[in-house]
Amino acid sequence: MSTGNAKFILHASLSRQACAQCQRPLTNCICRWIKPIANLVEVLILQHPLEVNNAKGSARLLDLCLQASQIIIGENFAADELLSVLHAPSCQNPGSYALQPVLLYPDTGENQAIDLVTSTETRFQENQDPRGLRLVILDATWRKSRKMLYLNPVLQTLPRLSLTAMPASHYRIRKAHKPDQLSSLEASTYALMRLESDEEKYLPLLEAFDGFVEQQMQFMPPRK
């Protein structure tokens with residue numbers, strides 16, 4: 001067997017092995033970008049099943065960086081189970097009081113809310129103690145996130161935090177319809193900055209995201 005073939009077989013074998021921490025193939029491990037952050041606002045990521053094995057997805061990196069976060073996979077959740085997770089005590093202090101869930105989601109606007117039960121939607125009242133909050137993220141494409149919201153009326157009743165006038169996304173590996181449409185990691189980072197009134201604390205997350213994007217671009221075919 002030639003040396004070239006041996007190298008190819010070795011590479012193929014490594015690509016099938018998953019990193020125990022980030023759960024990605026060893027050839028595309030993202031652990032180097034992990035920046036540990038002790039977030040005060042807990043984060044709950046509701047991840048659409050189609051995003052689980054998407055190499056371009058940023059939710060896994062976000063979860064690995066945040067000290068207080070969890071990912072739950074699904075599209076249509078049982079209402080009682082979802083309520084239990086949303087209002088559960090702090091994962092860092094199980095004996096504490098239930099946290100207030102806040103849904104991070106853009107303003108739908110009247111012309112975009114035809115299929116949503118928006119009459120129960122309320123805007124989140126800011127300036128609350130961040131230790132009592134749980135930020136809820138829908139990790140999905142825009143179309144899939146709207147479907148998740150539609151299928152889970154419980155989510156429609158949550159106080160909603162919407163981000164406006166955001167900087168352009170650095171998410172060059174996925175197509176966006178608007179310049180300010182952000183990845184799950186970027187949107188969560190800006191929301192945490194706002195809720196905790198601490199921008200500097202979360203800058204390492206954006207730096208980690210830039211490194212992650214650069215790494216993923218190496219696996220993409222060159223643009224013509």
# chains A, B, ... in the order shown; residues from 1 in each chain; ligands from 1

call {"tool": "residues_around", "arguments": {"residues": "A:Leu205", "least_positions_apart": "4", "cutoff": "12 Å", "atoms": "only C-alpha atoms", "output": "ChimeraX atom specification"}}
result
/A:33-39,58-59,61-66,184-190,192-193,199-201,209-212

call {"tool": "select_by_dssp", "arguments": {"residues": "stretch 46-172 of chain A", "states": "helix (DSSP H, G or I)", "output": "MDAnalysis selection string"}}
result
chainID A and resid 49:51 59:65 79:86 110:112 118:120 130:132 142:151 153:156

call {"tool": "residues_around", "arguments": {"residues": "A:Leu40", "least_positions_apart": "5", "cutoff": "8 Å", "atoms": "only C-alpha atoms", "output": "VMD selection string"}}
result
chain A and resid 68 130 to 131 196

call {"tool": "atom_distance", "arguments": {"atom1": "atom CA of A:Arg146", "atom2": "atom CA of A:Ile71"}}
result
18.5 Å
